[in-house]
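Trainee: Got a file for you: entry38.pdb, PDB, C-alpha atoms.
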ATOM      1  CA  MET A  26      90.769 116.162 114.801
ATOM      2  CA  ILE A  27      89.337 112.853 113.596
ATOM      3  CA  ALA A  28      88.829 112.546 109.838
ATOM      4  CA  LEU A  29      87.676 109.657 107.669
ATOM      5  CA  SER A  30      88.763 109.041 104.096
ATOM      6  CA  LEU A  31      85.442 108.347 102.376
ATOM      7  CA  GLY A  32      85.761 106.720  98.973
ATOM      8  CA  TRP A  33      82.094 105.581  99.014
ATOM      9  CA  GLY A  34      83.153 101.962  98.674
ATOM     10  CA  VAL A  35      82.116  99.144 101.001
ATOM     11  CA  GLN A  36      84.832  99.602 103.617
ATOM     12  CA  SER A  37      84.839 103.382 103.932
ATOM     13  CA  PHE A  38      81.048 103.626 103.965
ATOM     14  CA  THR A  39      80.918 100.951 106.667
ATOM     15  CA  MET A  40      83.227 103.046 108.853
ATOM     16  CA  ALA A  41      81.156 106.172 108.219
ATOM     17  CA  ALA A  42      77.916 104.343 109.024
ATOM     18  CA  MET A  43      79.419 102.869 112.186
ATOM     19  CA  SER A  44      80.377 106.360 113.290
ATOM     20  CA  ALA A  45      76.894 107.649 112.470
ATOM     21  CA  LEU A  46      75.246 104.853 114.474
ATOM     22  CA  GLY A  47      77.585 105.062 117.446
ATOM     23  CA  GLU A  48      79.541 101.839 116.921
ATOM     24  CA  LEU A  49      82.664 103.898 116.337
ATOM     25  CA  PRO A  50      83.556 107.320 117.787
ATOM     26  CA  ARG A  51      82.075 110.327 116.012
ATOM     27  CA  VAL A  52      84.369 111.698 113.314
ATOM     28  CA  ASP A  53      84.745 115.410 112.768
ATOM     29  CA  VAL A  54      84.529 115.005 109.008
ATOM     30  CA  ALA A  55      84.285 112.329 106.336
ATOM     31  CA  ILE A  56      86.239 113.544 103.306
ATOM     32  CA  HIS A  57      85.518 112.314  99.796
ATOM     33  CA  ALA A  58      88.363 113.008  97.354
ATOM     34  CA  ASP A  59      86.493 113.142  94.056
ATOM     35  CA  THR A  60      88.683 112.146  91.124
ATOM     36  CA  THR A  61      85.773 113.151  88.818
ATOM     37  CA  HIS A  62      86.289 109.752  87.156
ATOM     38  CA  GLU A  63      84.344 107.454  89.486
ATOM     39  CA  ARG A  64      81.775 105.052  88.114
ATOM     40  CA  GLN A  65      78.306 106.499  87.792
ATOM     41  CA  ALA A  66      76.939 103.990  90.288
ATOM     42  CA  THR A  67      79.296 105.379  92.938
ATOM     43  CA  TYR A  68      78.112 108.946  92.387
ATOM     44  CA  GLU A  69      74.499 107.805  92.580
ATOM     45  CA  PHE A  70      75.195 105.933  95.808
ATOM     46  CA  ALA A  71      76.919 108.978  97.328
ATOM     47  CA  GLU A  72      73.963 111.163  96.409
ATOM     48  CA  ARG A  73      71.599 108.792  98.205
ATOM     49  CA  TRP A  74      73.641 108.317 101.373
ATOM     50  CA  ALA A  75      75.530 111.557 102.021
ATOM     51  CA  ARG A  76      72.380 113.137 103.424
ATOM     52  CA  TRP A  77      71.805 110.091 105.650
ATOM     53  CA  LEU A  78      75.251 110.585 107.183
ATOM     54  CA  ILE A  79      74.791 114.336 107.574
ATOM     55  CA  GLU A  80      71.437 113.835 109.309
ATOM     56  CA  ARG A  81      73.295 111.703 111.848
ATOM     57  CA  ASP A  82      75.917 114.377 112.535
ATOM     58  CA  VAL A  83      78.648 113.017 110.268
ATOM     59  CA  ASP A  84      79.915 116.004 108.312
ATOM     60  CA  VAL A  85      80.656 115.072 104.673
ATOM     61  CA  ALA A  86      83.110 117.169 102.665
ATOM     62  CA  MET A  87      84.111 116.758  99.016
ATOM     63  CA  VAL A  88      87.502 117.799  97.700
ATOM     64  CA  SER A  89      89.218 117.407  94.341
ATOM     65  CA  ALA A  90      92.528 118.094  92.649
ATOM     66  CA  PRO A  91      93.043 121.271  90.620
ATOM     67  CA  GLU A  92      92.083 120.783  86.991
ATOM     68  CA  LYS A  93      95.719 120.811  85.867
ATOM     69  CA  ASP A  94      96.372 117.761  88.045
ATOM     70  CA  ILE A  95      93.791 115.600  86.340
ATOM     71  CA  GLU A  96      94.681 116.128  82.698
ATOM     72  CA  LEU A  97      94.940 112.872  80.829
ATOM     73  CA  GLY A  98      96.203 112.223  77.348
ATOM     74  CA  THR A  99      97.379 115.785  76.735
ATOM     75  CA  GLY A 100     101.000 114.783  76.268
ATOM     76  CA  LYS A 101     101.895 116.696  79.462
ATOM     77  CA  VAL A 102     101.204 114.136  82.140
ATOM     78  CA  VAL A 103      99.760 110.669  82.544
ATOM     79  CA  ASP A 104      99.016 109.977  86.177
ATOM     80  CA  ILE A 105      97.442 106.559  85.867
ATOM     81  CA  PRO A 106      99.580 103.356  85.938
ATOM     82  CA  ALA A 107      98.995 102.582  82.279
ATOM     83  CA  PHE A 108     100.560  99.545  80.652
ATOM     84  CA  THR A 109     103.338 100.295  78.176
ATOM     85  CA  VAL A 110     104.597  98.762  74.954
ATOM     86  CA  SER A 111     107.874  99.726  73.319
ATOM     87  CA  ASN A 112     110.771  98.232  71.399
ATOM     88  CA  ASN A 113     112.454  97.703  74.757
ATOM     89  CA  GLY A 114     109.656  95.505  76.075
ATOM     90  CA  ASP A 115     106.509  95.842  78.152
ATOM     91  CA  GLY A 116     106.183  97.784  81.370
ATOM     92  CA  GLN A 117     103.909 100.020  83.401
ATOM     93  CA  VAL A 118     103.849 103.716  84.236
ATOM     94  CA  ARG A 119     104.496 104.620  87.873
ATOM     95  CA  ARG A 120     101.235 105.231  89.710
ATOM     96  CA  GLN A 121     100.717 108.871  90.697
ATOM     97  CA  CYS A 122      96.936 109.097  90.650
ATOM     98  CA  THR A 123      96.358 108.112  94.286
ATOM     99  CA  SER A 124      98.782 110.757  95.504
ATOM    100  CA  ASP A 125      97.651 113.505  93.119
ATOM    101  CA  TRP A 126      93.923 112.902  93.121
ATOM    102  CA  LYS A 127      93.229 111.625  96.642
ATOM    103  CA  ILE A 128      96.014 112.114  99.196
ATOM    104  CA  ALA A 129      97.007 115.670  98.212
ATOM    105  CA  PRO A 130      93.429 117.100  98.119
ATOM    106  CA  ILE A 131      92.595 115.505 101.486
ATOM    107  CA  ARG A 132      95.737 116.936 103.037
ATOM    108  CA  ARG A 133      94.994 120.395 101.671
ATOM    109  CA  TYR A 134      91.587 120.199 103.344
ATOM    110  CA  LEU A 135      93.045 118.997 106.624
ATOM    111  CA  GLN A 136      95.685 121.726 106.693
ATOM    112  CA  ALA A 137      92.994 124.335 106.120
ATOM    113  CA  HIS A 138      90.684 123.021 108.869
ATOM    114  CA  ARG A 139      92.794 121.407 111.596
ATOM    115  CA  ASP A 140      93.701 124.715 113.286
ATOM    116  CA  GLY A 141      97.151 123.434 114.109
ATOM    117  CA  SER A 142      95.932 120.309 115.875
ATOM    118  CA  PRO A 143      97.090 116.775 114.967
ATOM    119  CA  VAL A 144      94.837 114.622 112.790
ATOM    120  CA  GLU A 145      93.760 111.011 113.215
ATOM    121  CA  LEU A 146      92.859 109.838 109.714
ATOM    122  CA  TRP A 147      90.709 106.713 109.381
ATOM    123  CA  ILE A 148      91.384 104.588 106.320
ATOM    124  CA  GLY A 149      89.032 101.843 105.136
ATOM    125  CA  ILE A 150      91.372  98.885 104.853
ATOM    126  CA  SER A 151      89.909  95.528 105.889
ATOM    127  CA  THR A 152      91.645  92.337 106.985
ATOM    128  CA  ASP A 153      91.703  90.850 103.473
ATOM    129  CA  GLU A 154      93.885  93.728 102.248
ATOM    130  CA  ALA A 155      95.997  94.406 105.347
ATOM    131  CA  LEU A 156      99.148  94.546 103.226
ATOM    132  CA  ARG A 157      97.973  97.971 102.009
ATOM    133  CA  MET A 158      98.394  99.486 105.478
ATOM    134  CA  LYS A 159     100.998 102.259 105.556
ATOM    135  CA  GLU A 160     101.906 104.742 108.224
ATOM    136  CA  SER A 161     101.532 108.435 107.449
ATOM    137  CA  ASP A 162     104.581 110.181 106.010
ATOM    138  CA  VAL A 163     103.697 113.554 107.546
ATOM    139  CA  LYS A 164     104.009 114.363 111.237
ATOM    140  CA  TYR A 165     100.593 115.946 111.813
ATOM    141  CA  ILE A 166      98.622 112.896 110.537
ATOM    142  CA  THR A 167      98.341 109.534 112.281
ATOM    143  CA  HIS A 168      96.662 106.750 110.328
ATOM    144  CA  ARG A 169      94.106 104.491 111.967
ATOM    145  CA  TRP A 170      92.397 101.401 110.546
ATOM    146  CA  PRO A 171      89.176 100.745 112.516
ATOM    147  CA  LEU A 172      88.196  97.748 110.380
ATOM    148  CA  ILE A 173      91.508  96.056 111.121
ATOM    149  CA  GLU A 174      90.950  96.734 114.824
ATOM    150  CA  LYS A 175      87.529  95.094 114.560
ATOM    151  CA  ARG A 176      88.985  92.219 112.508
ATOM    152  CA  MET A 177      86.499  92.834 109.718
ATOM    153  CA  SER A 178      86.921  91.675 106.127
ATOM    154  CA  ARG A 179      85.179  93.228 103.134
ATOM    155  CA  ASN A 180      82.523  90.516 103.364
ATOM    156  CA  ASP A 181      82.077  91.296 107.067
ATOM    157  CA  CYS A 182      81.491  94.936 106.143
ATOM    158  CA  ALA A 183      78.828  94.010 103.600
ATOM    159  CA  ALA A 184      77.164  91.721 106.161
ATOM    160  CA  TRP A 185      77.204  94.502 108.766
ATOM    161  CA  LEU A 186      75.566  96.931 106.364
ATOM    162  CA  LYS A 187      72.853  94.425 105.471
ATOM    163  CA  ALA A 188      72.239  93.648 109.148
ATOM    164  CA  HIS A 189      71.611  97.354 109.739
ATOM    165  CA  ASN A 190      69.319  97.655 106.703
ATOM    166  CA  LEU A 191      71.854  99.788 104.853
ATOM    167  CA  GLU A 192      72.693  99.586 101.176
ATOM    168  CA  VAL A 193      75.925  97.864 100.178
ATOM    169  CA  PRO A 194      77.771 100.236  97.818
ATOM    170  CA  PRO A 195      79.313  99.196  94.517
ATOM    171  CA  LYS A 196      83.089  98.910  94.302
ATOM    172  CA  SER A 197      84.615 102.364  94.109
ATOM    173  CA  SER A 198      87.244 103.061  91.436
ATOM    174  CA  CYS A 199      87.980 105.235  88.432
ATOM    175  CA  VAL A 200      86.265 103.876  85.332
ATOM    176  CA  PHE A 201      89.558 103.505  83.453
ATOM    177  CA  CYS A 202      91.680 102.158  86.315
ATOM    178  CA  PRO A 203      94.369  99.804  84.947
ATOM    179  CA  TYR A 204      94.003  97.699  88.105
ATOM    180  CA  HIS A 205      90.476  96.571  87.193
ATOM    181  CA  ASN A 206      90.068  92.818  87.137
ATOM    182  CA  SER A 207      88.454  91.010  84.216
ATOM    183  CA  ALA A 208      85.036  91.021  85.891
ATOM    184  CA  ALA A 209      85.044  94.812  86.249
ATOM    185  CA  TRP A 210      86.007  95.397  82.622
ATOM    186  CA  ARG A 211      83.411  92.903  81.476
ATOM    187  CA  GLU A 212      80.688  94.486  83.597
ATOM    188  CA  MET A 213      81.264  97.911  82.056
ATOM    189  CA  TRP A 214      81.468  96.414  78.583
ATOM    190  CA  LYS A 215      78.177  94.574  79.081
ATOM    191  CA  GLU A 216      76.480  97.729  80.384
ATOM    192  CA  ASN A 217      77.826  99.683  77.389
ATOM    193  CA  GLY A 218      77.020 102.936  79.172
ATOM    194  CA  ALA A 219      78.818 106.152  80.043
ATOM    195  CA  ASP A 220      81.437 104.340  82.162
ATOM    196  CA  TRP A 221      82.499 102.123  79.277
ATOM    197  CA  ARG A 222      82.509 105.001  76.784
ATOM    198  CA  LYS A 223      84.718 107.088  79.070
ATOM    199  CA  SER A 224      87.089 104.166  79.578
ATOM    200  CA  VAL A 225      87.449 103.752  75.819
ATOM    201  CA  GLU A 226      87.911 107.489  75.374
ATOM    202  CA  ILE A 227      90.698 107.714  77.964
ATOM    203  CA  ASP A 228      92.342 104.554  76.641
ATOM    204  CA  ASN A 229      92.513 106.121  73.180
ATOM    205  CA  GLN A 230      93.642 109.518  74.483
ATOM    206  CA  ILE A 231      96.680 108.221  76.359
ATOM    207  CA  ARG A 232      97.990 105.997  73.575
ATOM    208  CA  LYS A 233     100.735 108.397  72.398
ATOM    209  CA  ALA A 234     100.934 110.584  75.505
ATOM    210  CA  ARG A 235     104.371 109.341  76.572
ATOM    211  CA  PRO A 236     106.597 108.618  73.576
ATOM    212  CA  PRO A 237     108.239 106.334  72.666
ATOM    213  CA  TYR A 238     105.795 104.132  74.573
ATOM    214  CA  ASP A 239     102.280 103.199  73.564
ATOM    215  CA  LEU A 240      99.989 103.268  76.616
ATOM    216  CA  PHE A 241      96.962 101.093  77.397
ATOM    217  CA  VAL A 242      94.567 100.801  80.344
ATOM    218  CA  HIS A 243      94.193  97.020  79.953
ATOM    219  CA  PRO A 244      97.023  94.556  80.765
ATOM    220  CA  ALA A 245      96.488  92.879  77.382
ATOM    221  CA  ARG A 246      98.118  96.026  75.956
ATOM    222  CA  LYS A 247      95.503  96.353  73.258
ATOM    223  CA  PRO A 248      92.807  98.988  72.732
ATOM    224  CA  LEU A 249      89.784  98.211  74.884
ATOM    225  CA  THR A 250      87.584  97.900  71.808
ATOM    226  CA  GLU A 251      89.804  95.085  70.474
ATOM    227  CA  ILE A 252      89.740  92.927  73.618
ATOM    228  CA  ASP A 253      87.395  89.961  73.822
ATOM    229  CA  LEU A 254      85.676  90.461  77.188
ATOM    230  CA  ARG A 255      83.161  87.669  76.744
ATOM    231  CA  ASN A 256      83.032  84.777  79.180
ATOM    232  CA  ASP A 257      82.154  81.183  78.350
ATOM    233  CA  GLU A 258      78.451  81.843  78.829
ATOM    234  CA  ASP A 259      78.587  84.789  76.424
ATOM    235  CA  ARG A 260      80.157  82.447  73.889
ATOM    236  CA  GLY A 261      77.233  80.055  74.174
ATOM    237  CA  GLN A 262      78.380  77.563  76.798
ATOM    238  CA  LEU A 263      75.453  76.217  78.803
ATOM    239  CA  ARG A 264      75.333  76.882  82.543
ATOM    240  CA  LEU A 265      75.076  73.764  84.681
ATOM    241  CA  TRP A 266      74.695  75.412  88.083
ATOM    242  CA  ASP A 267      72.608  78.110  89.679
ATOM    243  CA  GLU A 268      74.264  81.257  91.034
ATOM    244  CA  GLU A 269      74.307  80.031  94.630
ATOM    245  CA  CYS A 270      76.281  77.055  95.851
ATOM    246  CA  THR A 271      74.263  74.613  97.975
ATOM    247  CA  GLY A 272      77.366  73.467  99.833
ATOM    248  CA  MET A 273      77.297  70.032  98.256
ATOM    249  CA  CYS A 274      80.606  70.415  96.419
ATOM    250  CA  GLY A 275      82.561  70.803  99.647
ATOM    251  CA  LEU A 276      84.343  74.002  98.577
TER     252      LEU A 276
END
Can you turn what I pasted into structure tokens?
Mentor:
Amino acid sequence: MIALSLGWGVQSFTMAAMSALGELPRVDVAIHADTTHERQATYEFAERWARWLIERDVDVAMVSAPEKDIELGTGKVVDIPAFTVSNNGDGQVRRQCTSDWKIAPIRRYLQAHRDGSPVELWIGISTDEALRMKESDVKYITHRWPLIEKRMSRNDCAAWLKAHNLEVPPKSSCVFCPYHNSAAWREMWKENGADWRKSVEIDNQIRKARPPYDLFVHPARKPLTEIDLRNDEDRGQLRLWDEECTGMCGL
């Protein structure tokens, strides 16, 4: 059985599209583990392109964790790697979300559908993040990284999609992920939409969920609403360059 872990980000969608167009072998199923906390743009992208994959004989399945596994801020469990503050110093909660919300639901699906056969699971890791490659820790699953085999970076994936007149998806992640970089937080703040509101809500909910620590989704260890996410341009600094580099600077 060949399965593909489909997060609807650039790398995983590139693999799925390559399978659909015959540049990679046909997968038996592309599995999306829905955390229910993805950015709205990701859900909209999936709605547009799932049918395109299905029409080209790539079966798309969606799985999710049981409701009890995705409780946040209830005082019972905090799965995300939130940043901590206590009298003993700063730290970070151990990350459980990937295992609970993605790996476990995918494995439940595979166990229910593999009919005892081994599974080759494709994972969308590109050359610029090769350090994330890990072998499977269960005997019936073998991991494979087609993008590594093709020596493709994330930029290569985006270029391949554009060359085939396919849409390049937005970055896939939970809206409140503590691993967001400054640009991601700022983008949601600027949009001031449902993604930002949910991030603020979760940030507030988890604050006292693991006493004696205070928990935060941002590494500044402050409530999101108290963090200055403006850049120099937002503060009034004039821009001296256009968005695209002409190559004159030599960088």
Trainee: What is the CA of Pro237 in chain A to CA of Thr123 in chain A distance in Å?
Mentor: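 For CA of Pro237 in chain A relative to CA of Thr123 in chain A, the distance reads 24.7 Å.
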Trainee: Range 105-211 of chain A near range 71-78 of chain A within 12 Å: what's each residue's closest atom pair and its distance in Å to one decimal, counting all atoms listed in the file, ordered by chain then ascending residue number, as a tab-separated table?
Mentor:
residue	atom	partner	partner_atom	distance
A:Leu191	CA	A:Trp74	CA	9.4
A:Glu192	CA	A:Trp74	CA	8.8
A:Val193	CA	A:Trp74	CA	10.8
A:Pro194	CA	A:Ala71	CA	8.8
A:Pro195	CA	A:Ala71	CA	10.5
A:Ser197	CA	A:Ala71	CA	10.6
Trainee: Can you work out which one of A:Trp126, A:Gln36, A:Arg211, A:Ser142 has the shortest atom-to-atom distance to Ile252 in chain A, counting only C-alpha atoms?
Mentor: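 Going through A:Trp126, A:Gln36, A:Arg211, A:Ser142 one by one, the smallest distance to Ile252 in chain A is for A:Arg211.
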Trainee: Given the choices A:Val200, A:Leu29, A:Ile150, A:Leu46, which gets closest to His62 in chain A if the distance is worked out from only C-alpha atoms?
Mentor: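 Among the listed residues, the smallest separation from His62 in chain A belongs to A:Val200.
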Trainee: List the residues selected by the PyMOL selection byres ((chain A and resi 125) around 10) in the file shown, writing them as a PyMOL selection string.
Mentor: chain A and resi 60+89-91+94-95+104+120-124+126-131
Trainee: For a quick check of understanding, using all atoms listed in the file, which of A:Asp239, A:Glu48, A:Asp53, A:Glu69 has the smallest distance to Glu145 in chain A?
Mentor: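 Among the listed residues, A:Asp53 lies closest to Glu145 in chain A.
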Trainee: Box along x, y and z, 3 Å on every side, all listed atoms of range 117-123 of chain A inside: centre and edge lengths in Å to one decimal, as JSON.
Mentor:
{"center_x": 100.4, "center_y": 104.6, "center_z": 88.8, "size_x": 14.1, "size_y": 15.1, "size_z": 16.9}
Trainee: Using all atoms listed in the file for the distances, tell me which of A:Val85, A:Val118, A:Lys159, A:Phe38 is nearest to Ile56 in chain A.
Mentor: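 Nearest to Ile56 in chain A: A:Val85.
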Trainee: Would you mind reading off the distance between CA of Leu156 in chain A and CA of Tyr204 in chain A, one decimal, in Å?
Mentor: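 Taking CA of Leu156 in chain A as the start and CA of Tyr204 in chain A as the end point, the length is 16.3 Å.
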